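Okay, coords-v1.pdb now, which holds PDB, C-alpha atoms:
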```pdb
ATOM      1  CA  MET A  21    -107.327  -2.707-119.099  1.00  0.00           C
ATOM      2  CA  GLN A  22    -109.002  -4.494-116.184  1.00  0.00           C
ATOM      3  CA  SER A  23    -106.997  -7.649-116.874  1.00  0.00           C
ATOM      4  CA  VAL A  24    -103.690  -5.860-116.222  1.00  0.00           C
ATOM      5  CA  ILE A  25    -104.660  -2.939-113.926  1.00  0.00           C
ATOM      6  CA  CYS A  26    -106.362  -4.421-110.891  1.00  0.00           C
ATOM      7  CA  PRO A  27    -107.625  -3.540-107.409  1.00  0.00           C
ATOM      8  CA  ILE A  28    -105.774  -4.871-104.365  1.00  0.00           C
ATOM      9  CA  CYS A  29    -108.117  -5.862-101.544  1.00  0.00           C
ATOM     10  CA  HIS A  30    -108.265  -7.923 -98.415  1.00  0.00           C
ATOM     11  CA  TYR A  31    -111.087 -10.427 -98.074  1.00  0.00           C
ATOM     12  CA  ILE A  32    -112.461 -13.132 -95.835  1.00  0.00           C
ATOM     13  CA  GLU A  33    -113.695 -16.590 -96.768  1.00  0.00           C
ATOM     14  CA  ALA A  34    -117.280 -17.466 -95.946  1.00  0.00           C
ATOM     15  CA  GLY A  35    -117.914 -21.006 -97.073  1.00  0.00           C
ATOM     16  CA  SER A  36    -117.369 -21.010-100.821  1.00  0.00           C
ATOM     17  CA  ASP A  37    -117.637 -17.222-101.041  1.00  0.00           C
ATOM     18  CA  GLU A  38    -114.848 -14.667-100.871  1.00  0.00           C
ATOM     19  CA  LEU A  39    -116.115 -11.441 -99.337  1.00  0.00           C
ATOM     20  CA  ILE A  40    -114.057  -8.314-100.017  1.00  0.00           C
ATOM     21  CA  GLN A  41    -113.695  -6.250 -96.862  1.00  0.00           C
ATOM     22  CA  GLN A  42    -111.746  -3.279 -98.145  1.00  0.00           C
ATOM     23  CA  MET A  43    -109.939  -2.052-101.238  1.00  0.00           C
ATOM     24  CA  HIS A  44    -106.498  -0.609-100.504  1.00  0.00           C
ATOM     25  CA  GLY A  45    -105.137   0.472-103.877  1.00  0.00           C
ATOM     26  CA  THR A  46    -104.205  -0.473-107.411  1.00  0.00           C
ATOM     27  CA  GLY A  47    -101.600  -2.783-108.926  1.00  0.00           C
ATOM     28  CA  PHE A  48    -100.541  -3.378-112.529  1.00  0.00           C
ATOM     29  CA  LEU A  49     -99.089  -6.372-114.358  1.00  0.00           C
ATOM     30  CA  ILE A  50     -95.572  -5.711-115.660  1.00  0.00           C
ATOM     31  CA  ASP A  51     -94.558  -9.294-116.473  1.00  0.00           C
ATOM     32  CA  ASN A  52     -96.654 -11.873-118.343  1.00  0.00           C
ATOM     33  CA  ASP A  53     -95.750 -14.479-115.713  1.00  0.00           C
ATOM     34  CA  GLY A  54     -97.607 -12.834-112.850  1.00  0.00           C
ATOM     35  CA  ILE A  55     -95.408 -10.048-111.437  1.00  0.00           C
ATOM     36  CA  PHE A  56     -97.313  -6.928-110.428  1.00  0.00           C
ATOM     37  CA  ILE A  57     -96.120  -3.518-109.276  1.00  0.00           C
ATOM     38  CA  THR A  58     -97.871  -1.321-106.723  1.00  0.00           C
ATOM     39  CA  ALA A  59     -97.074   1.123-103.926  1.00  0.00           C
ATOM     40  CA  ARG A  60     -95.439  -0.147-100.762  1.00  0.00           C
ATOM     41  CA  HIS A  61     -97.982   1.535 -98.501  1.00  0.00           C
ATOM     42  CA  VAL A  62    -100.812  -0.245-100.335  1.00  0.00           C
ATOM     43  CA  ILE A  63     -99.343  -3.636 -99.415  1.00  0.00           C
ATOM     44  CA  GLU A  64     -98.654  -2.591 -95.831  1.00  0.00           C
ATOM     45  CA  SER A  65    -102.251  -1.407 -95.452  1.00  0.00           C
ATOM     46  CA  ALA A  66    -103.734  -4.502 -97.110  1.00  0.00           C
ATOM     47  CA  PHE A  67    -101.858  -7.003 -94.965  1.00  0.00           C
ATOM     48  CA  ALA A  68    -102.602  -5.013 -91.801  1.00  0.00           C
ATOM     49  CA  GLY A  69    -106.297  -5.131 -92.697  1.00  0.00           C
ATOM     50  CA  ALA A  70    -106.141  -8.840 -93.441  1.00  0.00           C
ATOM     51  CA  GLN A  71    -104.432  -9.549 -90.129  1.00  0.00           C
ATOM     52  CA  ALA A  72    -107.077  -7.590 -88.229  1.00  0.00           C
ATOM     53  CA  THR A  73    -109.931  -9.540 -89.846  1.00  0.00           C
ATOM     54  CA  LYS A  74    -108.179 -12.917 -90.161  1.00  0.00           C
ATOM     55  CA  GLY A  75    -108.457 -12.519 -93.901  1.00  0.00           C
ATOM     56  CA  LYS A  76    -106.256 -12.706 -96.964  1.00  0.00           C
ATOM     57  CA  VAL A  77    -104.865 -10.276 -99.537  1.00  0.00           C
ATOM     58  CA  ALA A  78    -105.402 -10.690-103.264  1.00  0.00           C
ATOM     59  CA  ILE A  79    -105.468  -8.924-106.598  1.00  0.00           C
ATOM     60  CA  PHE A  80    -108.767  -9.016-108.471  1.00  0.00           C
ATOM     61  CA  PRO A  81    -108.309  -8.907-112.274  1.00  0.00           C
ATOM     62  CA  MET A  82    -111.204  -9.138-114.709  1.00  0.00           C
ATOM     63  CA  GLN A  83    -110.971 -11.477-117.690  1.00  0.00           C
ATOM     64  CA  ARG A  84    -113.351 -11.928-120.600  1.00  0.00           C
ATOM     65  CA  ALA A  85    -113.885 -15.362-122.135  1.00  0.00           C
ATOM     66  CA  ASN A  86    -116.747 -16.911-124.098  1.00  0.00           C
ATOM     67  CA  GLY A  87    -118.668 -13.644-124.007  1.00  0.00           C
ATOM     68  CA  LYS A  88    -118.515 -13.391-120.213  1.00  0.00           C
ATOM     69  CA  THR A  89    -116.495 -11.145-117.921  1.00  0.00           C
ATOM     70  CA  THR A  90    -115.280 -12.873-114.784  1.00  0.00           C
ATOM     71  CA  SER A  91    -113.608 -11.464-111.691  1.00  0.00           C
ATOM     72  CA  LEU A  92    -110.699 -13.594-110.502  1.00  0.00           C
ATOM     73  CA  THR A  93    -109.239 -13.811-107.013  1.00  0.00           C
ATOM     74  CA  VAL A  94    -105.449 -13.960-107.323  1.00  0.00           C
ATOM     75  CA  PRO A  95    -103.633 -14.386-103.988  1.00  0.00           C
ATOM     76  CA  ILE A  96    -100.320 -12.621-103.484  1.00  0.00           C
ATOM     77  CA  LEU A  97     -97.727 -15.361-103.054  1.00  0.00           C
ATOM     78  CA  ASN A  98     -94.762 -13.148-102.202  1.00  0.00           C
ATOM     79  CA  TYR A  99     -93.795  -9.492-102.238  1.00  0.00           C
ATOM     80  CA  GLU A 100     -90.722  -7.324-101.861  1.00  0.00           C
ATOM     81  CA  PHE A 101     -90.242  -3.636-101.214  1.00  0.00           C
ATOM     82  CA  ALA A 102     -87.951  -1.412-103.258  1.00  0.00           C
ATOM     83  CA  PRO A 103     -85.052   0.233-101.409  1.00  0.00           C
ATOM     84  CA  THR A 104     -85.842   3.230 -99.213  1.00  0.00           C
ATOM     85  CA  PRO A 105     -87.128   5.866 -99.906  1.00  0.00           C
ATOM     86  CA  PHE A 106     -89.127   4.400-102.834  1.00  0.00           C
ATOM     87  CA  ASP A 107     -92.809   3.740-102.141  1.00  0.00           C
ATOM     88  CA  VAL A 108     -92.767   0.815-104.580  1.00  0.00           C
ATOM     89  CA  ALA A 109     -93.384  -2.932-104.195  1.00  0.00           C
ATOM     90  CA  ILE A 110     -93.353  -5.914-106.531  1.00  0.00           C
ATOM     91  CA  LEU A 111     -95.794  -8.786-106.078  1.00  0.00           C
ATOM     92  CA  GLN A 112     -95.521 -12.408-107.155  1.00  0.00           C
ATOM     93  CA  THR A 113     -98.696 -14.248-108.172  1.00  0.00           C
ATOM     94  CA  ASN A 114     -99.703 -17.283-110.237  1.00  0.00           C
ATOM     95  CA  TYR A 115    -101.719 -15.077-112.619  1.00  0.00           C
ATOM     96  CA  ARG A 116    -100.933 -15.249-116.331  1.00  0.00           C
ATOM     97  CA  SER A 117    -101.890 -12.636-118.900  1.00  0.00           C
ATOM     98  CA  ASN A 118    -100.297 -10.538-121.628  1.00  0.00           C
ATOM     99  CA  THR A 119     -99.411  -7.038-120.457  1.00  0.00           C
ATOM    100  CA  PHE A 120     -98.975  -3.969-122.638  1.00  0.00           C
ATOM    101  CA  PHE A 121     -96.767  -2.158-120.100  1.00  0.00           C
ATOM    102  CA  ARG A 122     -93.062  -1.775-120.772  1.00  0.00           C
ATOM    103  CA  PHE A 123     -90.023  -0.028-119.326  1.00  0.00           C
ATOM    104  CA  GLN A 124     -87.709   1.898-121.604  1.00  0.00           C
ATOM    105  CA  LYS A 125     -84.101   2.756-120.802  1.00  0.00           C
ATOM    106  CA  ASN A 126     -82.789   6.224-121.605  1.00  0.00           C
ATOM    107  CA  ARG A 127     -86.319   7.561-121.922  1.00  0.00           C
ATOM    108  CA  LEU A 128     -86.179  11.353-121.548  1.00  0.00           C
ATOM    109  CA  VAL A 129     -89.009  12.745-119.413  1.00  0.00           C
ATOM    110  CA  GLU A 130     -89.478  16.496-119.139  1.00  0.00           C
ATOM    111  CA  VAL A 131     -91.987  19.055-117.901  1.00  0.00           C
ATOM    112  CA  TRP A 132     -95.118  19.189-120.132  1.00  0.00           C
ATOM    113  CA  GLN A 133     -94.775  15.471-120.914  1.00  0.00           C
ATOM    114  CA  ASP A 134     -98.238  14.012-121.571  1.00  0.00           C
ATOM    115  CA  VAL A 135     -98.941  11.152-119.156  1.00  0.00           C
ATOM    116  CA  ALA A 136    -101.856   8.999-118.061  1.00  0.00           C
ATOM    117  CA  THR A 137    -102.915   6.634-115.307  1.00  0.00           C
ATOM    118  CA  MET A 138    -105.767   4.263-114.534  1.00  0.00           C
ATOM    119  CA  GLY A 139    -106.832   2.741-111.261  1.00  0.00           C
ATOM    120  CA  TYR A 140    -109.545   2.215-108.690  1.00  0.00           C
ATOM    121  CA  PRO A 141    -110.309   5.305-106.571  1.00  0.00           C
ATOM    122  CA  ILE A 142    -112.330   4.803-103.419  1.00  0.00           C
ATOM    123  CA  ALA A 143    -114.800   7.387-104.741  1.00  0.00           C
ATOM    124  CA  ALA A 144    -115.759   4.962-107.530  1.00  0.00           C
ATOM    125  CA  THR A 145    -116.260   2.044-105.134  1.00  0.00           C
ATOM    126  CA  HIS A 146    -119.654   0.815-103.991  1.00  0.00           C
ATOM    127  CA  LYS A 147    -120.054  -1.593-101.094  1.00  0.00           C
ATOM    128  CA  GLY A 148    -123.466  -3.194-100.969  1.00  0.00           C
ATOM    129  CA  ILE A 149    -124.904  -5.648 -98.438  1.00  0.00           C
ATOM    130  CA  ASP A 150    -123.548  -8.724-100.182  1.00  0.00           C
ATOM    131  CA  GLN A 151    -121.204  -7.369-102.835  1.00  0.00           C
ATOM    132  CA  TYR A 152    -118.279  -5.020-103.313  1.00  0.00           C
ATOM    133  CA  GLU A 153    -118.098  -3.191-106.633  1.00  0.00           C
ATOM    134  CA  VAL A 154    -114.999  -1.368-107.867  1.00  0.00           C
ATOM    135  CA  GLN A 155    -114.714   0.572-111.107  1.00  0.00           C
ATOM    136  CA  GLN A 156    -111.753   1.901-113.032  1.00  0.00           C
ATOM    137  CA  ARG A 157    -111.147   5.586-113.523  1.00  0.00           C
ATOM    138  CA  ALA A 158    -108.694   7.063-116.007  1.00  0.00           C
ATOM    139  CA  HIS A 159    -106.773  10.333-115.773  1.00  0.00           C
ATOM    140  CA  LYS A 160    -104.812  12.072-118.485  1.00  0.00           C
ATOM    141  CA  GLY A 161    -102.674  15.157-118.021  1.00  0.00           C
ATOM    142  CA  TYR A 162     -99.075  16.254-117.933  1.00  0.00           C
ATOM    143  CA  ILE A 163     -96.031  16.522-115.708  1.00  0.00           C
ATOM    144  CA  GLN A 164     -95.907  20.025-114.280  1.00  0.00           C
ATOM    145  CA  ARG A 165     -92.824  19.623-112.095  1.00  0.00           C
ATOM    146  CA  ILE A 166     -89.978  17.156-111.716  1.00  0.00           C
ATOM    147  CA  ILE A 167     -88.989  17.375-108.061  1.00  0.00           C
ATOM    148  CA  PRO A 168     -85.571  16.117-106.904  1.00  0.00           C
ATOM    149  CA  SER A 169     -85.216  13.879-103.854  1.00  0.00           C
ATOM    150  CA  GLY A 170     -85.971  15.560-100.538  1.00  0.00           C
ATOM    151  CA  ARG A 171     -87.532  18.759-101.911  1.00  0.00           C
ATOM    152  CA  LEU A 172     -91.101  18.048-100.761  1.00  0.00           C
ATOM    153  CA  ARG A 173     -92.244  18.383 -97.166  1.00  0.00           C
ATOM    154  CA  ILE A 174     -93.605  14.840 -97.093  1.00  0.00           C
ATOM    155  CA  GLY A 175     -90.687  13.063 -95.482  1.00  0.00           C
ATOM    156  CA  ALA A 176     -88.025  11.115 -97.356  1.00  0.00           C
ATOM    157  CA  HIS A 177     -88.732  10.535-101.033  1.00  0.00           C
ATOM    158  CA  PRO A 178     -86.859   9.818-104.270  1.00  0.00           C
ATOM    159  CA  ASP A 179     -87.192  11.920-107.416  1.00  0.00           C
ATOM    160  CA  VAL A 180     -90.895  12.432-108.100  1.00  0.00           C
ATOM    161  CA  PHE A 181     -93.203  13.705-110.813  1.00  0.00           C
ATOM    162  CA  GLU A 182     -95.785  16.309-109.848  1.00  0.00           C
ATOM    163  CA  LEU A 183     -98.896  15.793-111.981  1.00  0.00           C
ATOM    164  CA  SER A 184    -101.618  18.083-113.265  1.00  0.00           C
ATOM    165  CA  PHE A 185    -104.264  15.800-111.713  1.00  0.00           C
ATOM    166  CA  ALA A 186    -104.747  14.452-108.204  1.00  0.00           C
ATOM    167  CA  ILE A 187    -104.013  10.879-107.107  1.00  0.00           C
ATOM    168  CA  THR A 188    -106.982  10.211-104.874  1.00  0.00           C
ATOM    169  CA  ASN A 189    -107.325   7.449-102.286  1.00  0.00           C
ATOM    170  CA  GLY A 190    -107.324   4.067-104.061  1.00  0.00           C
ATOM    171  CA  LEU A 191    -105.234   5.194-107.043  1.00  0.00           C
ATOM    172  CA  SER A 192    -102.020   4.594-105.105  1.00  0.00           C
ATOM    173  CA  GLY A 193     -99.991   1.927-106.879  1.00  0.00           C
ATOM    174  CA  ALA A 194    -101.380   2.768-110.325  1.00  0.00           C
ATOM    175  CA  PRO A 195     -98.957   3.098-113.240  1.00  0.00           C
ATOM    176  CA  LEU A 196     -97.893   6.479-114.576  1.00  0.00           C
ATOM    177  CA  PHE A 197     -97.302   5.874-118.260  1.00  0.00           C
ATOM    178  CA  ILE A 198     -96.657   7.429-121.662  1.00  0.00           C
ATOM    179  CA  HIS A 199     -98.588   6.146-124.640  1.00  0.00           C
ATOM    180  CA  ALA A 200     -96.232   4.948-127.374  1.00  0.00           C
ATOM    181  CA  ALA A 201     -97.991   3.204-130.275  1.00  0.00           C
ATOM    182  CA  THR A 202     -98.138  -0.513-129.387  1.00  0.00           C
ATOM    183  CA  TYR A 203     -97.106  -0.272-125.729  1.00  0.00           C
ATOM    184  CA  GLU A 204     -97.548   1.948-122.692  1.00  0.00           C
ATOM    185  CA  ILE A 205     -94.175   3.046-121.275  1.00  0.00           C
ATOM    186  CA  VAL A 206     -94.180   3.054-117.473  1.00  0.00           C
ATOM    187  CA  ILE A 207     -92.178   5.881-115.934  1.00  0.00           C
ATOM    188  CA  GLY A 208     -93.616   6.022-112.421  1.00  0.00           C
ATOM    189  CA  VAL A 209     -95.826   4.597-109.695  1.00  0.00           C
ATOM    190  CA  CYS A 210     -98.570   6.849-108.356  1.00  0.00           C
ATOM    191  CA  VAL A 211     -98.344   7.219-104.576  1.00  0.00           C
ATOM    192  CA  GLY A 212    -100.612  10.090-103.489  1.00  0.00           C
ATOM    193  CA  SER A 213    -101.123  13.846-103.667  1.00  0.00           C
ATOM    194  CA  HIS A 214     -99.935  17.001-101.981  1.00  0.00           C
ATOM    195  CA  SER A 215    -101.852  20.248-101.657  1.00  0.00           C
ATOM    196  CA  SER A 216    -101.188  23.970-101.526  1.00  0.00           C
ATOM    197  CA  ARG A 217    -103.244  26.665 -99.788  1.00  0.00           C
ATOM    198  CA  ILE A 218    -103.206  30.160-101.267  1.00  0.00           C
ATOM    199  CA  VAL A 219    -105.003  33.167 -99.737  1.00  0.00           C
ATOM    200  CA  ASN A 220    -106.470  35.119-102.665  1.00  0.00           C
ATOM    201  CA  TYR A 221    -108.194  37.767-100.577  1.00  0.00           C
ATOM    202  CA  GLU A 222    -108.191  38.739 -96.917  1.00  0.00           C
ATOM    203  CA  GLU A 223    -109.887  41.587 -95.032  1.00  0.00           C
ATOM    204  CA  THR A 224    -110.379  42.361 -91.356  1.00  0.00           C
ATOM    205  CA  VAL A 225    -113.757  43.913 -90.462  1.00  0.00           C
ATOM    206  CA  GLN A 226    -114.625  45.707 -87.186  1.00  0.00           C
ATOM    207  CA  VAL A 227    -118.230  45.198 -86.088  1.00  0.00           C
ATOM    208  CA  LYS A 228    -119.374  48.407 -84.373  1.00  0.00           C
ATOM    209  CA  ASN A 229    -122.195  47.068 -82.195  1.00  0.00           C
ATOM    210  CA  ASN A 230    -120.138  44.630 -80.111  1.00  0.00           C
ATOM    211  CA  SER A 231    -116.593  45.631 -81.111  1.00  0.00           C
ATOM    212  CA  GLU A 232    -116.033  42.168 -82.518  1.00  0.00           C
ATOM    213  CA  THR A 233    -113.303  41.735 -85.095  1.00  0.00           C
ATOM    214  CA  LEU A 234    -114.081  39.440 -88.010  1.00  0.00           C
ATOM    215  CA  LYS A 235    -111.728  38.209 -90.712  1.00  0.00           C
ATOM    216  CA  GLU A 236    -112.866  37.366 -94.207  1.00  0.00           C
ATOM    217  CA  GLN A 237    -110.709  35.142 -96.377  1.00  0.00           C
ATOM    218  CA  VAL A 238    -110.993  33.685 -99.863  1.00  0.00           C
ATOM    219  CA  ILE A 239    -108.706  30.646-100.129  1.00  0.00           C
ATOM    220  CA  ARG A 240    -107.778  28.604-103.167  1.00  0.00           C
ATOM    221  CA  LEU A 241    -106.854  24.983-102.517  1.00  0.00           C
ATOM    222  CA  GLU A 242    -104.875  23.085-105.125  1.00  0.00           C
ATOM    223  CA  GLU A 243    -104.091  19.372-105.131  1.00  0.00           C
ATOM    224  CA  PHE A 244    -101.444  17.732-107.302  1.00  0.00           C
ATOM    225  CA  GLY A 245    -100.679  14.065-107.840  1.00  0.00           C
ATOM    226  CA  ILE A 246     -97.286  12.591-106.986  1.00  0.00           C
ATOM    227  CA  ALA A 247     -95.651   9.607-108.708  1.00  0.00           C
ATOM    228  CA  HIS A 248     -92.275   8.093-107.836  1.00  0.00           C
ATOM    229  CA  ASP A 249     -89.894   7.965-110.803  1.00  0.00           C
ATOM    230  CA  VAL A 250     -89.076   4.256-111.289  1.00  0.00           C
ATOM    231  CA  ARG A 251     -86.195   4.718-113.737  1.00  0.00           C
ATOM    232  CA  PRO A 252     -83.551   4.802-110.955  1.00  0.00           C
ATOM    233  CA  LEU A 253     -84.773   1.325-109.920  1.00  0.00           C
ATOM    234  CA  PHE A 254     -83.925  -0.349-113.236  1.00  0.00           C
ATOM    235  CA  ASP A 255     -80.736  -1.971-111.861  1.00  0.00           C
ATOM    236  CA  TRP A 256     -82.374  -3.164-108.623  1.00  0.00           C
ATOM    237  CA  LYS A 257     -82.315  -6.971-108.261  1.00  0.00           C
ATOM    238  CA  PRO A 258     -85.156  -8.113-105.988  1.00  0.00           C
ATOM    239  CA  SER A 259     -84.466 -11.468-104.404  1.00  0.00           C
ATOM    240  CA  LEU A 260     -87.778 -12.931-105.586  1.00  0.00           C
ATOM    241  CA  LEU A 261     -86.765 -12.382-109.224  1.00  0.00           C
ATOM    242  CA  GLY A 262     -83.904 -14.873-109.021  1.00  0.00           C
ATOM    243  CA  GLY A 263     -81.209 -12.624-110.432  1.00  0.00           C
ATOM    244  CA  ARG A 264     -83.280 -10.581-112.861  1.00  0.00           C
ATOM    245  CA  THR A 265     -83.215  -6.819-112.573  1.00  0.00           C
ATOM    246  CA  PHE A 266     -86.296  -4.657-112.121  1.00  0.00           C
ATOM    247  CA  PHE A 267     -85.894  -3.493-115.727  1.00  0.00           C
ATOM    248  CA  GLU A 268     -85.898  -7.077-117.009  1.00  0.00           C
ATOM    249  CA  LEU A 269     -89.446  -7.527-115.726  1.00  0.00           C
ATOM    250  CA  SER A 270     -90.740  -5.982-118.939  1.00  0.00           C
ATOM    251  CA  GLY A 271     -89.949  -6.516-122.581  1.00  0.00           C
ATOM    252  CA  GLN A 272     -87.212  -4.194-123.725  1.00  0.00           C
ATOM    253  CA  LEU A 273     -87.975  -1.281-126.017  1.00  0.00           C
ATOM    254  CA  THR A 274     -85.525   0.686-128.079  1.00  0.00           C
ATOM    255  CA  GLU A 275     -85.231   4.386-127.379  1.00  0.00           C
ATOM    256  CA  LYS A 276     -87.256   5.183-130.521  1.00  0.00           C
ATOM    257  CA  SER A 277     -90.070   2.733-129.848  1.00  0.00           C
TER     258      SER A 277
END
```
Encoding of this model in structure tokens:
Amino acid sequence: MQSVICPICHYIEAGSDELIQQMHGTGFLIDNDGIFITARHVIESAFAGAQATKGKVAIFPMQRANGKTTSLTVPILNYEFAPTPFDVAILQTNYRSNTFFRFQKNRLVEVWQDVATMGYPIAATHKGIDQYEVQQRAHKGYIQRIIPSGRLRIGAHPDVFELSFAITNGLSGAPLFIHAATYEIVIGVCVGSHSSRIVNYEETVQVKNNSETLKEQVIRLEEFGIAHDVRPLFDWKPSLLGGRTFFELSGQLTEKS
């Protein structure tokens, strides 16, 4: 998993060392020839951080060879944002690896659909004096709402999936996928969470000694993950793909695969 789902960080060079300064989110390999997908705001944040520190932005996959696991620094060579209002970006790198992610046309996605994601939340990150450690975290749940464009109070957005689990800071850009035997079918890109505040109990109390009025409340806070549905992007032709569509980034699956 760590060879195809990777943290996106900005770093500085110190002699022969590359020192990670901050992790900004997660990206995943969708094409064996080095094309990654992530969230647009992850890339905007990473390059802003790199500019502020005179650093660089890279993806950091892990690969295992000869019994050893090695972290690679893979610079982002080019990137392109999906049309507004999608919070989606594609990244071009020189990284090569086999990916198990696929798109699938005509895939029906409904409420109660089992889905999963993996990524690198900030909560699982440890920054020591001379090292920066990031660890993957997996979530599995279901789609509890499919929300049409413009129905959330979060500004402009395309059709989105509301998830039964939160997308915490650092998981932005992670794939939302359905397990299907040999491959994982990508249906969305995780972009964040929204919350609701429900008052379960409320009572106003008058304090006799000083006539002070106090209010007691019991509040339930709920947080739900949001992923942008990528299926409407299948016909998009990013300029950096040289004529290929977004869908053609991945190997094609039949509807029954």
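For the file shown, the residue list from the PyMOL selection byres ((chain A and resi 99) around 9) reads Ile63, Ile96, Leu97, Asn98, Glu100, Phe101, Ala109, Ile110, Leu111, Gln112 and Leu260 of chain A.
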Using all atoms listed in the file, list the residues that have an atom at most 9 Å from (-112.3, 10.2, -107.8), coordinates as in the file, as number ranges by chain. A: 140-144, 157, 186-191
Which neighbours of range 122-132 of chain A fall inside 12 Å, counting only C-alpha atoms, when residues of the same chain fewer than 4 positions from it are skipped, and could you give them as a ChimeraX atom specification? /A:48-52,118,161-167,180-184,195-208,249-255,265-277
For CA of Lys257 in chain A and CA of Val135 in chain A, quote the distance in Å rounded to one decimal. 26.9 Å
So which residues touch range 22-36 of chain A within 7 Å, counting all atoms listed in the file, skipping near sequence neighbours fewer than 6 positions away, as a ChimeraX atom specification? /A:42-49,66,69-70,75-83,119,139-140
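You will find CA of Thr90 in chain A at 27.4 Å from CA of Arg60 in chain A.
Taking CA of Pro103 in chain A as the reference point, CA of Pro258 in chain A is found at 9.5 Å.
Of the residues under consideration (A:Ser192, A:Ile246, A:Pro95, A:Gln155), A:Pro95 shows the shortest atom-to-atom contact distance to Phe67 in chain A when counting all atoms listed in the file.
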Axis-aligned box over every listed atom of range 203-211 of chain A, padded by 8 Å per side: centre and edges in Å to one decimal, as AutoDock Vina command-line options?
```
--center_x -95.4 --center_y 3.5 --center_z -115.2 --size_x 22.4 --size_y 23.5 --size_z 37.2
```
Contact residues around Ala176 in chain A with all atoms listed in the file at 9 Å, ignoring same-chain residues under 4 positions, as an MDAnalysis selection string: chainID A and resid 104:106 169:172
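Here the question is which of A:Asp179, A:Glu243, A:Glu153, A:Asp107 gets nearest to Ala194 in chain A using all atoms listed in the file, and that residue is A:Asp107.
Minimum atom-to-atom distances from A:Gly245, A:Pro168, A:Gly262, A:Gly54 to Val94 in chain A were compared using only C-alpha atoms, and the lowest value belongs to A:Gly54.
Minimum distance to Arg116 in chain A across A:Glu64, A:Asp134, A:Asp37, A:Asp53 (counting only C-alpha atoms) occurs at A:Asp53.
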Considering only C-alpha atoms, state which residue in the set A:Thr137, A:Gln156, A:Asn114, A:Gln41 is at the smallest distance from Leu92 in chain A. A:Asn114
For Val209 in chain A, the closest of A:Ala59, A:Ala72, A:Leu261, A:Ala158 counting all atoms listed in the file is A:Ala59
Starting from the sparse input, extend range 202-214 of chain A to N, CA and C atoms and give the output as a short mmCIF file (atom, residue, chain, number, x, y, z; two decimals), in the frame of the given file.
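Output below, filename result34.cif:
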```
data_model
loop_
_atom_site.label_atom_id
_atom_site.label_comp_id
_atom_site.auth_asym_id
_atom_site.auth_seq_id
_atom_site.Cartn_x
_atom_site.Cartn_y
_atom_site.Cartn_z
N THR A 202 -97.68 0.82 -129.81
CA THR A 202 -98.14 -0.51 -129.39
C THR A 202 -98.18 -0.67 -127.88
N TYR A 203 -97.24 -0.05 -127.16
CA TYR A 203 -97.11 -0.27 -125.73
C TYR A 203 -97.29 1.02 -124.93
N GLU A 204 -97.51 0.83 -123.63
CA GLU A 204 -97.55 1.95 -122.69
C GLU A 204 -96.23 1.91 -121.91
N ILE A 205 -95.48 3.01 -121.91
CA ILE A 205 -94.18 3.05 -121.28
C ILE A 205 -94.33 3.55 -119.84
N VAL A 206 -94.04 2.70 -118.89
CA VAL A 206 -94.18 3.05 -117.47
C VAL A 206 -92.97 3.87 -117.03
N ILE A 207 -93.26 5.04 -116.46
CA ILE A 207 -92.18 5.88 -115.93
C ILE A 207 -92.30 6.10 -114.44
N GLY A 208 -93.45 5.77 -113.85
CA GLY A 208 -93.62 6.02 -112.42
C GLY A 208 -94.71 5.20 -111.80
N VAL A 209 -94.76 5.23 -110.48
CA VAL A 209 -95.83 4.60 -109.70
C VAL A 209 -96.51 5.70 -108.89
N CYS A 210 -97.81 5.82 -109.06
CA CYS A 210 -98.57 6.85 -108.36
C CYS A 210 -98.64 6.51 -106.87
N VAL A 211 -98.40 7.49 -106.02
CA VAL A 211 -98.34 7.22 -104.58
C VAL A 211 -99.24 8.13 -103.74
N GLY A 212 -99.77 9.21 -104.29
CA GLY A 212 -100.61 10.09 -103.49
C GLY A 212 -100.62 11.49 -104.06
N SER A 213 -101.05 12.46 -103.24
CA SER A 213 -101.12 13.85 -103.67
C SER A 213 -100.58 14.75 -102.58
N HIS A 214 -100.23 15.97 -102.97
CA HIS A 214 -99.94 17.00 -101.98
C HIS A 214 -100.73 18.24 -102.37
#
```
